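Undergrad: query-v1.csv is reproduced below (CSV, C-alpha atoms).
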```csv
chain,number,residue,atom,x,y,z
A,1,THR,CA,163.2,104.3,18.7
A,2,VAL,CA,160.4,105.2,21.1
A,3,ILE,CA,161.1,106.7,24.5
A,4,CYS,CA,158.2,106.9,27.0
A,5,PRO,CA,159.4,108.5,30.2
A,6,ASP,CA,157.4,109.3,33.3
A,7,LEU,CA,157.7,113.1,33.9
A,8,ARG,CA,159.5,114.1,37.1
A,9,GLY,CA,157.0,113.9,39.9
A,10,TYR,CA,155.0,111.1,38.3
A,11,GLY,CA,155.1,107.3,38.1
A,12,ASP,CA,158.6,105.9,38.8
A,13,SER,CA,160.5,109.1,38.2
A,14,ASP,CA,162.0,111.1,41.0
A,15,LYS,CA,159.8,113.5,42.9
A,16,PRO,CA,162.1,116.2,44.2
A,17,ALA,CA,161.0,118.8,46.7
A,18,ASP,CA,160.1,122.2,45.4
A,19,PRO,CA,161.3,124.8,47.9
A,20,ASP,CA,161.6,127.7,45.4
A,21,GLY,CA,158.8,126.9,43.0
A,22,THR,CA,161.0,126.0,40.0
A,23,ALA,CA,161.4,122.2,40.3
A,24,TYR,CA,158.2,121.6,38.4
A,25,ALA,CA,158.3,124.5,36.0
A,26,LYS,CA,157.6,123.2,32.5
A,27,ARG,CA,160.9,124.7,31.5
A,28,THR,CA,162.7,122.5,34.0
A,29,MET,CA,160.7,119.4,33.0
A,30,ALA,CA,161.3,120.1,29.3
A,31,ALA,CA,165.0,120.3,30.0
A,32,ASP,CA,164.7,116.8,31.6
A,33,ILE,CA,163.2,115.4,28.4
A,34,VAL,CA,165.9,116.9,26.2
A,35,ALA,CA,168.7,115.7,28.5
A,36,LEU,CA,167.2,112.2,28.6
A,37,ALA,CA,167.0,112.0,24.8
A,38,ARG,CA,170.6,113.2,24.5
A,39,ALA,CA,171.8,110.8,27.1
A,40,LEU,CA,170.2,108.0,24.9
A,41,GLY,CA,171.9,109.4,21.8
A,42,HIS,CA,169.2,111.6,20.2
A,43,GLU,CA,170.2,115.2,19.6
A,44,ARG,CA,167.0,115.8,17.5
A,45,PHE,CA,163.7,114.0,18.0
A,46,ALA,CA,160.0,114.3,17.6
A,47,LEU,CA,158.0,114.8,20.8
A,48,ALA,CA,154.4,114.0,21.6
A,49,GLY,CA,152.7,114.6,25.0
A,50,HIS,CA,149.3,114.3,26.5
A,51,ASP,CA,147.8,116.7,29.1
A,52,ARG,CA,150.6,117.6,31.5
A,53,GLY,CA,153.1,116.0,29.1
A,54,ALA,CA,151.8,118.1,26.3
A,55,LEU,CA,152.5,121.3,28.3
A,56,VAL,CA,156.1,120.0,28.8
A,57,ALA,CA,156.3,119.2,25.1
A,58,VAL,CA,155.2,122.8,24.1
A,59,ARG,CA,157.8,124.3,26.5
A,60,ALA,CA,160.4,122.0,25.0
A,61,GLY,CA,159.5,123.2,21.5
A,62,LEU,CA,159.8,126.8,22.6
A,63,ASP,CA,163.0,126.5,24.6
A,64,HIS,CA,164.8,123.9,22.4
A,65,PRO,CA,163.7,124.4,18.8
A,66,ASP,CA,166.9,122.9,17.4
A,67,ALA,CA,166.2,119.7,19.2
A,68,ILE,CA,162.5,119.1,18.5
A,69,THR,CA,161.7,118.2,14.9
A,70,HIS,CA,158.0,117.6,15.2
A,71,LEU,CA,155.6,118.2,18.1
A,72,ALA,CA,152.2,116.7,19.0
A,73,ALA,CA,150.0,118.0,21.8
A,74,LEU,CA,147.0,115.9,23.0
A,75,ASP,CA,144.0,117.6,24.6
A,76,VAL,CA,145.5,120.7,26.1
A,77,LEU,CA,146.0,124.4,25.6
A,78,PRO,CA,149.1,126.4,26.1
A,79,THR,CA,149.2,127.3,29.8
A,80,LEU,CA,148.6,131.0,29.4
A,81,ASP,CA,145.6,130.4,27.1
A,82,MET,CA,144.2,127.7,29.4
A,83,TRP,CA,143.6,130.2,32.1
A,84,ASP,CA,142.2,132.8,29.7
A,85,VAL,CA,139.4,130.6,28.4
A,86,LEU,CA,138.1,129.5,31.8
A,87,HIS,CA,135.3,131.8,32.9
A,88,GLY,CA,131.9,131.7,34.4
A,89,THR,CA,130.2,128.5,35.5
A,90,SER,CA,131.8,126.6,32.6
A,91,ALA,CA,135.1,127.0,34.4
A,92,ALA,CA,133.9,124.4,36.9
A,93,VAL,CA,135.3,121.7,34.7
A,94,GLY,CA,138.7,122.9,35.7
A,95,PHE,CA,138.1,123.0,39.5
A,96,HIS,CA,141.2,121.0,40.1
A,97,LEU,CA,143.3,123.7,38.5
A,98,TYR,CA,142.2,126.3,41.0
A,99,LEU,CA,142.5,123.9,43.9
A,100,MET,CA,146.1,123.0,43.1
A,101,ALA,CA,147.0,126.6,42.4
A,102,GLN,CA,146.7,127.4,46.1
A,103,PRO,CA,149.8,127.8,48.3
A,104,PRO,CA,151.4,124.7,49.7
A,105,GLY,CA,149.5,122.9,52.4
A,106,LEU,CA,145.8,122.9,51.9
A,107,PRO,CA,145.6,121.2,48.4
A,108,GLU,CA,147.9,118.5,49.4
A,109,GLN,CA,146.0,117.8,52.6
A,110,LEU,CA,142.6,117.8,50.9
A,111,ILE,CA,143.7,115.5,48.1
A,112,SER,CA,145.6,113.2,50.3
A,113,GLY,CA,142.5,112.7,52.5
A,114,SER,CA,140.8,110.8,49.6
A,115,PRO,CA,143.2,110.4,46.7
A,116,ASP,CA,141.4,107.6,45.0
A,117,ALA,CA,138.2,109.6,44.9
A,118,PHE,CA,140.0,112.6,43.6
A,119,PHE,CA,142.1,111.0,40.8
A,120,GLY,CA,139.4,108.4,40.1
A,121,HIS,CA,136.9,111.2,39.4
A,122,PHE,CA,138.8,112.2,36.2
A,123,LEU,CA,139.1,108.6,35.0
A,124,ASP,CA,135.3,108.4,35.4
A,125,VAL,CA,134.1,111.7,33.9
A,126,TRP,CA,136.8,112.1,31.2
A,127,THR,CA,136.2,108.7,29.5
A,128,ARG,CA,133.4,107.7,27.2
A,129,ASP,CA,134.2,104.0,27.2
A,130,PRO,CA,134.9,102.6,30.7
A,131,GLU,CA,136.5,99.5,29.1
A,132,ALA,CA,139.3,101.7,27.7
A,133,ILE,CA,140.9,101.8,31.2
A,134,PRO,CA,140.8,98.2,32.5
A,135,ALA,CA,140.7,97.6,36.3
A,136,ASP,CA,144.4,96.7,36.5
A,137,VAL,CA,145.4,99.8,34.7
A,138,ARG,CA,143.1,101.9,36.8
A,139,ALA,CA,144.5,100.4,40.0
A,140,ALA,CA,148.1,101.2,38.8
A,141,TYR,CA,147.2,104.7,37.9
A,142,LEU,CA,145.5,105.4,41.3
A,143,ALA,CA,148.4,103.8,43.2
A,144,ALA,CA,151.0,106.0,41.3
A,145,SER,CA,148.9,109.1,41.9
A,146,ARG,CA,148.3,108.3,45.6
A,147,ASP,CA,152.0,108.1,46.1
A,148,ALA,CA,152.8,111.4,44.4
A,149,VAL,CA,150.3,113.9,45.7
A,150,PRO,CA,152.9,116.6,46.7
A,151,SER,CA,154.7,116.5,43.4
A,152,ILE,CA,151.5,116.4,41.3
A,153,VAL,CA,150.2,119.4,43.1
A,154,ALA,CA,153.6,121.2,42.6
A,155,ASP,CA,153.3,120.5,38.9
A,156,TYR,CA,149.9,122.1,38.7
A,157,ARG,CA,150.8,124.9,41.0
A,158,ALA,CA,153.7,125.8,38.6
A,159,SER,CA,151.1,126.1,35.9
A,160,ALA,CA,149.4,128.9,37.9
A,161,GLY,CA,152.6,130.8,38.4
A,162,ILE,CA,156.0,130.4,36.8
A,163,ASP,CA,154.7,128.6,33.7
A,164,VAL,CA,152.4,131.6,33.0
A,165,ASP,CA,155.3,134.0,33.3
A,166,HIS,CA,157.3,131.9,30.8
A,167,ASP,CA,154.5,131.8,28.3
A,168,ARG,CA,153.8,135.5,28.6
A,169,ALA,CA,157.4,136.3,28.0
A,170,ASP,CA,157.4,134.1,24.8
A,171,LEU,CA,154.2,135.7,23.6
A,172,ASP,CA,155.6,139.2,24.2
A,173,ALA,CA,158.8,138.3,22.3
A,174,GLY,CA,156.9,136.7,19.4
A,175,ASN,CA,158.5,133.3,20.1
A,176,THR,CA,156.5,130.5,18.4
A,177,LEU,CA,156.9,126.8,17.7
A,178,ARG,CA,159.0,126.6,14.6
A,179,MET,CA,158.4,122.9,13.9
A,180,PRO,CA,155.4,121.1,12.4
A,181,VAL,CA,152.8,120.8,15.1
A,182,THR,CA,149.7,118.5,15.4
A,183,VAL,CA,147.1,119.2,18.1
A,184,LEU,CA,144.3,116.7,18.9
A,185,GLN,CA,141.6,117.9,21.2
A,186,GLN,CA,138.1,117.0,22.3
A,187,ASP,CA,135.7,119.9,21.6
A,188,TRP,CA,136.7,122.1,24.5
A,189,GLY,CA,136.2,125.1,22.3
A,190,ALA,CA,132.5,124.5,21.9
A,191,ALA,CA,132.1,123.7,25.6
A,192,LEU,CA,134.0,126.8,26.8
A,193,GLY,CA,133.2,129.2,24.0
A,194,TYR,CA,136.5,129.8,22.2
A,195,ASP,CA,138.2,129.0,18.9
A,196,ALA,CA,140.7,126.3,19.8
A,197,ALA,CA,142.4,126.2,16.4
A,198,ALA,CA,142.9,130.0,16.5
A,199,VAL,CA,144.4,129.8,20.0
A,200,TRP,CA,146.9,127.2,18.8
A,201,ARG,CA,147.7,129.0,15.5
A,202,ALA,CA,149.1,132.0,17.5
A,203,TRP,CA,151.7,129.6,18.8
A,204,ALA,CA,152.2,127.2,15.9
A,205,PRO,CA,152.3,128.6,12.4
A,206,ASP,CA,152.7,125.2,10.9
A,207,LEU,CA,149.6,123.6,12.6
A,208,HIS,CA,147.3,120.7,12.0
A,209,HIS,CA,144.5,121.0,14.5
A,210,ALA,CA,141.8,118.3,14.8
A,211,THR,CA,138.8,117.8,17.1
A,212,VAL,CA,138.4,114.1,18.0
A,213,SER,CA,135.5,112.1,19.5
A,214,CYS,CA,137.6,109.9,21.7
A,215,VAL,CA,137.6,112.6,24.5
A,216,HIS,CA,140.4,113.1,27.0
A,217,PHE,CA,142.1,109.8,27.3
A,218,MET,CA,142.4,109.5,23.6
A,219,ALA,CA,145.4,107.2,23.4
A,220,GLU,CA,143.4,104.7,25.4
A,221,GLU,CA,140.0,105.2,23.7
A,222,GLY,CA,141.3,106.0,20.2
A,223,PRO,CA,144.7,104.5,19.7
A,224,ASP,CA,144.4,104.2,15.9
A,225,THR,CA,143.4,107.9,15.7
A,226,VAL,CA,146.4,109.0,17.7
A,227,ALA,CA,148.8,106.7,16.0
A,228,GLY,CA,147.6,107.8,12.6
A,229,ALA,CA,147.9,111.5,13.5
A,230,LEU,CA,151.5,111.0,14.8
A,231,LEU,CA,152.5,109.1,11.6
A,232,GLU,CA,151.1,111.9,9.5
A,233,LEU,CA,152.9,114.5,11.6
A,234,LEU,CA,156.2,112.7,11.0
A,235,LYS,CA,155.7,113.0,7.2
A,236,ARG,CA,155.5,116.8,7.3
```
I'd like the structure from this file rewritten - as structure tokens, please.

TA:
Amino acid sequence: TVICPDLRGYGDSDKPADPDGTAYAKRTMAADIVALARALGHERFALAGHDRGALVAVRAGLDHPDAITHLAALDVLPTLDMWDVLHGTSAAVGFHLYLMAQPPGLPEQLISGSPDAFFGHFLDVWTRDPEAIPADVRAAYLAASRDAVPSIVADYRASAGIDVDHDRADLDAGNTLRMPVTVLQQDWGAALGYDAAAVWRAWAPDLHHATVSCVHFMAEEGPDTVAGALLELLKR
């Protein structure tokens, strides 16, 4: 059984308001995923996520270790470490993180002023093969993003606040991912000057970390690589 949900705030999922800054905490979103799996009859399951979904997967692994049997994270760092490795001019690659970390109002207004240019930018610069995201897929992605600016910003804003607090509390308590973990990343470590595998190993003692050439949208550009890694993970 394969379940592929849209996270809250994205796609066809609900996009609740966020008056107290907790609606898009990864803790809240991880609880969504666990509740969904249970509602479909799965008390224990393997979980794979990409980018924002990977942050949710990591939080699910930390908060619900008895539910998550295996975990895969594609092209992301744990939230606390993500902020720590961004420094100097190289941090410009994460300009959107800083923009959406601002208090409610300005980020939403700026992004809503030209959403296709904003979201399309990442499709353009984070792909190596433009054919990997065909025109119809691109149009659907942009339409879904255009209709979800407030909730997308709320998700990112949480990663500059409450998510950091939750990660730091786990780090201080020595809480790690107990299940087998696979991480696939493009070579952000070389670009930003850190040891990506070492960063992940602090969170995941049973870790397989691999640098891949199919860059950020790896499921689209390297589906065989991703599928193979997931199948190997499930054997551990």

Undergrad: Quick one: of A:Val212, A:Ala132, A:Ala160, A:Ala60, who's nearest to Ala48 (chain A), counting all atoms listed in the file?

TA: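 Using all atoms listed in the file, Ala48 (chain A) sits closest to A:Ala60.
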
Undergrad: Just the residues within 9 Å of Ala204 (chain A), please, counting all atoms listed in the file, with nothing from its chain fewer than 2 positions along; format it as an NGL selection string.

TA: :A and (176-181 or 200-202 or 206-207)

Undergrad: So which residues touch Thr89 (chain A) within 12 Å, counting only C-alpha atoms, skipping near sequence neighbours fewer than 3 positions away, as a list in words?

TA: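 The filter keeps Val85, Leu86, Ala92, Val93, Gly94, Phe95, Ala191, Leu192 and Gly193 of chain A.
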
Undergrad: For His42 (chain A), list every protein, DNA or RNA residue within 12 Å, evaluated using only C-alpha atoms, and leave out those in the same chain fewer than 3 positions away; present the list as a PyMOL selection string.

TA: chain A and resi 1-3+33-39+45-47+66-69

Undergrad: Applying 12 Å and only C-alpha atoms, which residues near Ala139 (chain A) remain after dropping the ones on its own chain fewer than 5 positions away? List them as number ranges by chain.

TA: A: 116, 119-120, 123, 133-134, 144-146

Undergrad: Using only C-alpha atoms, which of the listed residues (A:Arg44, A:Arg236, A:Lys26, A:Arg8) sits closest to Gly161 (chain A)?

TA: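 Distance minimum relative to Gly161 (chain A) lands on A:Lys26.
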
Undergrad: How far is it from CA of Arg168 (chain A) to CA of Arg59 (chain A), in Å with one decimal?

TA: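 Computing the Euclidean distance for CA of Arg168 (chain A) and CA of Arg59 (chain A) yields 12.1 Å.
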
Undergrad: Counting only C-alpha atoms, write as an NGL selection string all protein and nucleic acid residues lying at most 10 Å from (157.3, 121.8, 26.9) in the file's frame.

TA: :A and (25-31 or 33-34 or 47-49 or 52-64 or 71 or 73 or 78 or 163)

Undergrad: Pick from A:Val76, A:Ile162, A:Val199, A:Ala229: nearest to Thr182 (chain A), with all atoms listed in the file counted?

TA: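 Comparing A:Val76, A:Ile162, A:Val199, A:Ala229 against Thr182 (chain A), the winner is A:Ala229.
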
Undergrad: Which one is closest to Asp172 (chain A): A:Val137, A:Leu80, A:Gly105, A:Leu184? Count all atoms listed in the file.

TA: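 Comparing A:Val137, A:Leu80, A:Gly105, A:Leu184 against Asp172 (chain A), the winner is A:Leu80.
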
Undergrad: Grab the CA of Leu77 (chain A) to CA of Tyr156 (chain A) distance for me, in Å with one decimal place.

TA: 13.9 Å

Undergrad: When you look at Pro19 (chain A) with a cut-off of 12 Å (counting only C-alpha atoms), what residues show up, excluding the ones that are within fewer than 3 positions of it in the same chain? I need them as a PDB file with C-alpha atoms, in the coordinates of the input.

TA:
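Written out: part-v8.pdb:
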```pdb
ATOM      1  CA  PRO A  16     162.100 116.200  44.200  1.00  0.00           C
ATOM      2  CA  THR A  22     161.000 126.000  40.000  1.00  0.00           C
ATOM      3  CA  ALA A  23     161.400 122.200  40.300  1.00  0.00           C
ATOM      4  CA  TYR A  24     158.200 121.600  38.400  1.00  0.00           C
ATOM      5  CA  PRO A 103     149.800 127.800  48.300  1.00  0.00           C
ATOM      6  CA  PRO A 104     151.400 124.700  49.700  1.00  0.00           C
ATOM      7  CA  PRO A 150     152.900 116.600  46.700  1.00  0.00           C
ATOM      8  CA  SER A 151     154.700 116.500  43.400  1.00  0.00           C
ATOM      9  CA  ALA A 154     153.600 121.200  42.600  1.00  0.00           C
TER      10      ALA A 154
END
```

Undergrad: Between CA of Leu97 (chain A) and CA of Phe122 (chain A), what is the spacing in Å?

TA: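 About the pair CA of Phe122 (chain A) and CA of Leu97 (chain A): they are 12.6 Å apart.
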
Undergrad: Smallest atom-to-atom distance to Asp129 (chain A): which of A:Asp147, A:Asp155, A:Glu221, A:Asp81, using all atoms listed in the file?

TA: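 Distance minimum relative to Asp129 (chain A) lands on A:Glu221.
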
Undergrad: Looking at A:Glu43, A:Thr79, A:Trp126, A:Asp224, which one is nearest to Asp165 (chain A), with distances taken over all atoms listed in the file?

TA: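 Nearest candidate to Asp165 (chain A) out of A:Glu43, A:Thr79, A:Trp126, A:Asp224: A:Thr79.
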
Undergrad: List every protein, DNA or RNA residue that has at least one atom no more than 6 Å from (145.8, 115.5, 28.4) in the file's coordinates, counting all atoms listed in the file, and write the result as a list of chain:residue names.

TA: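 Residues satisfying the cut-off, written out: A:His50, A:Asp51, A:Leu74, A:Asp75, A:Val76.
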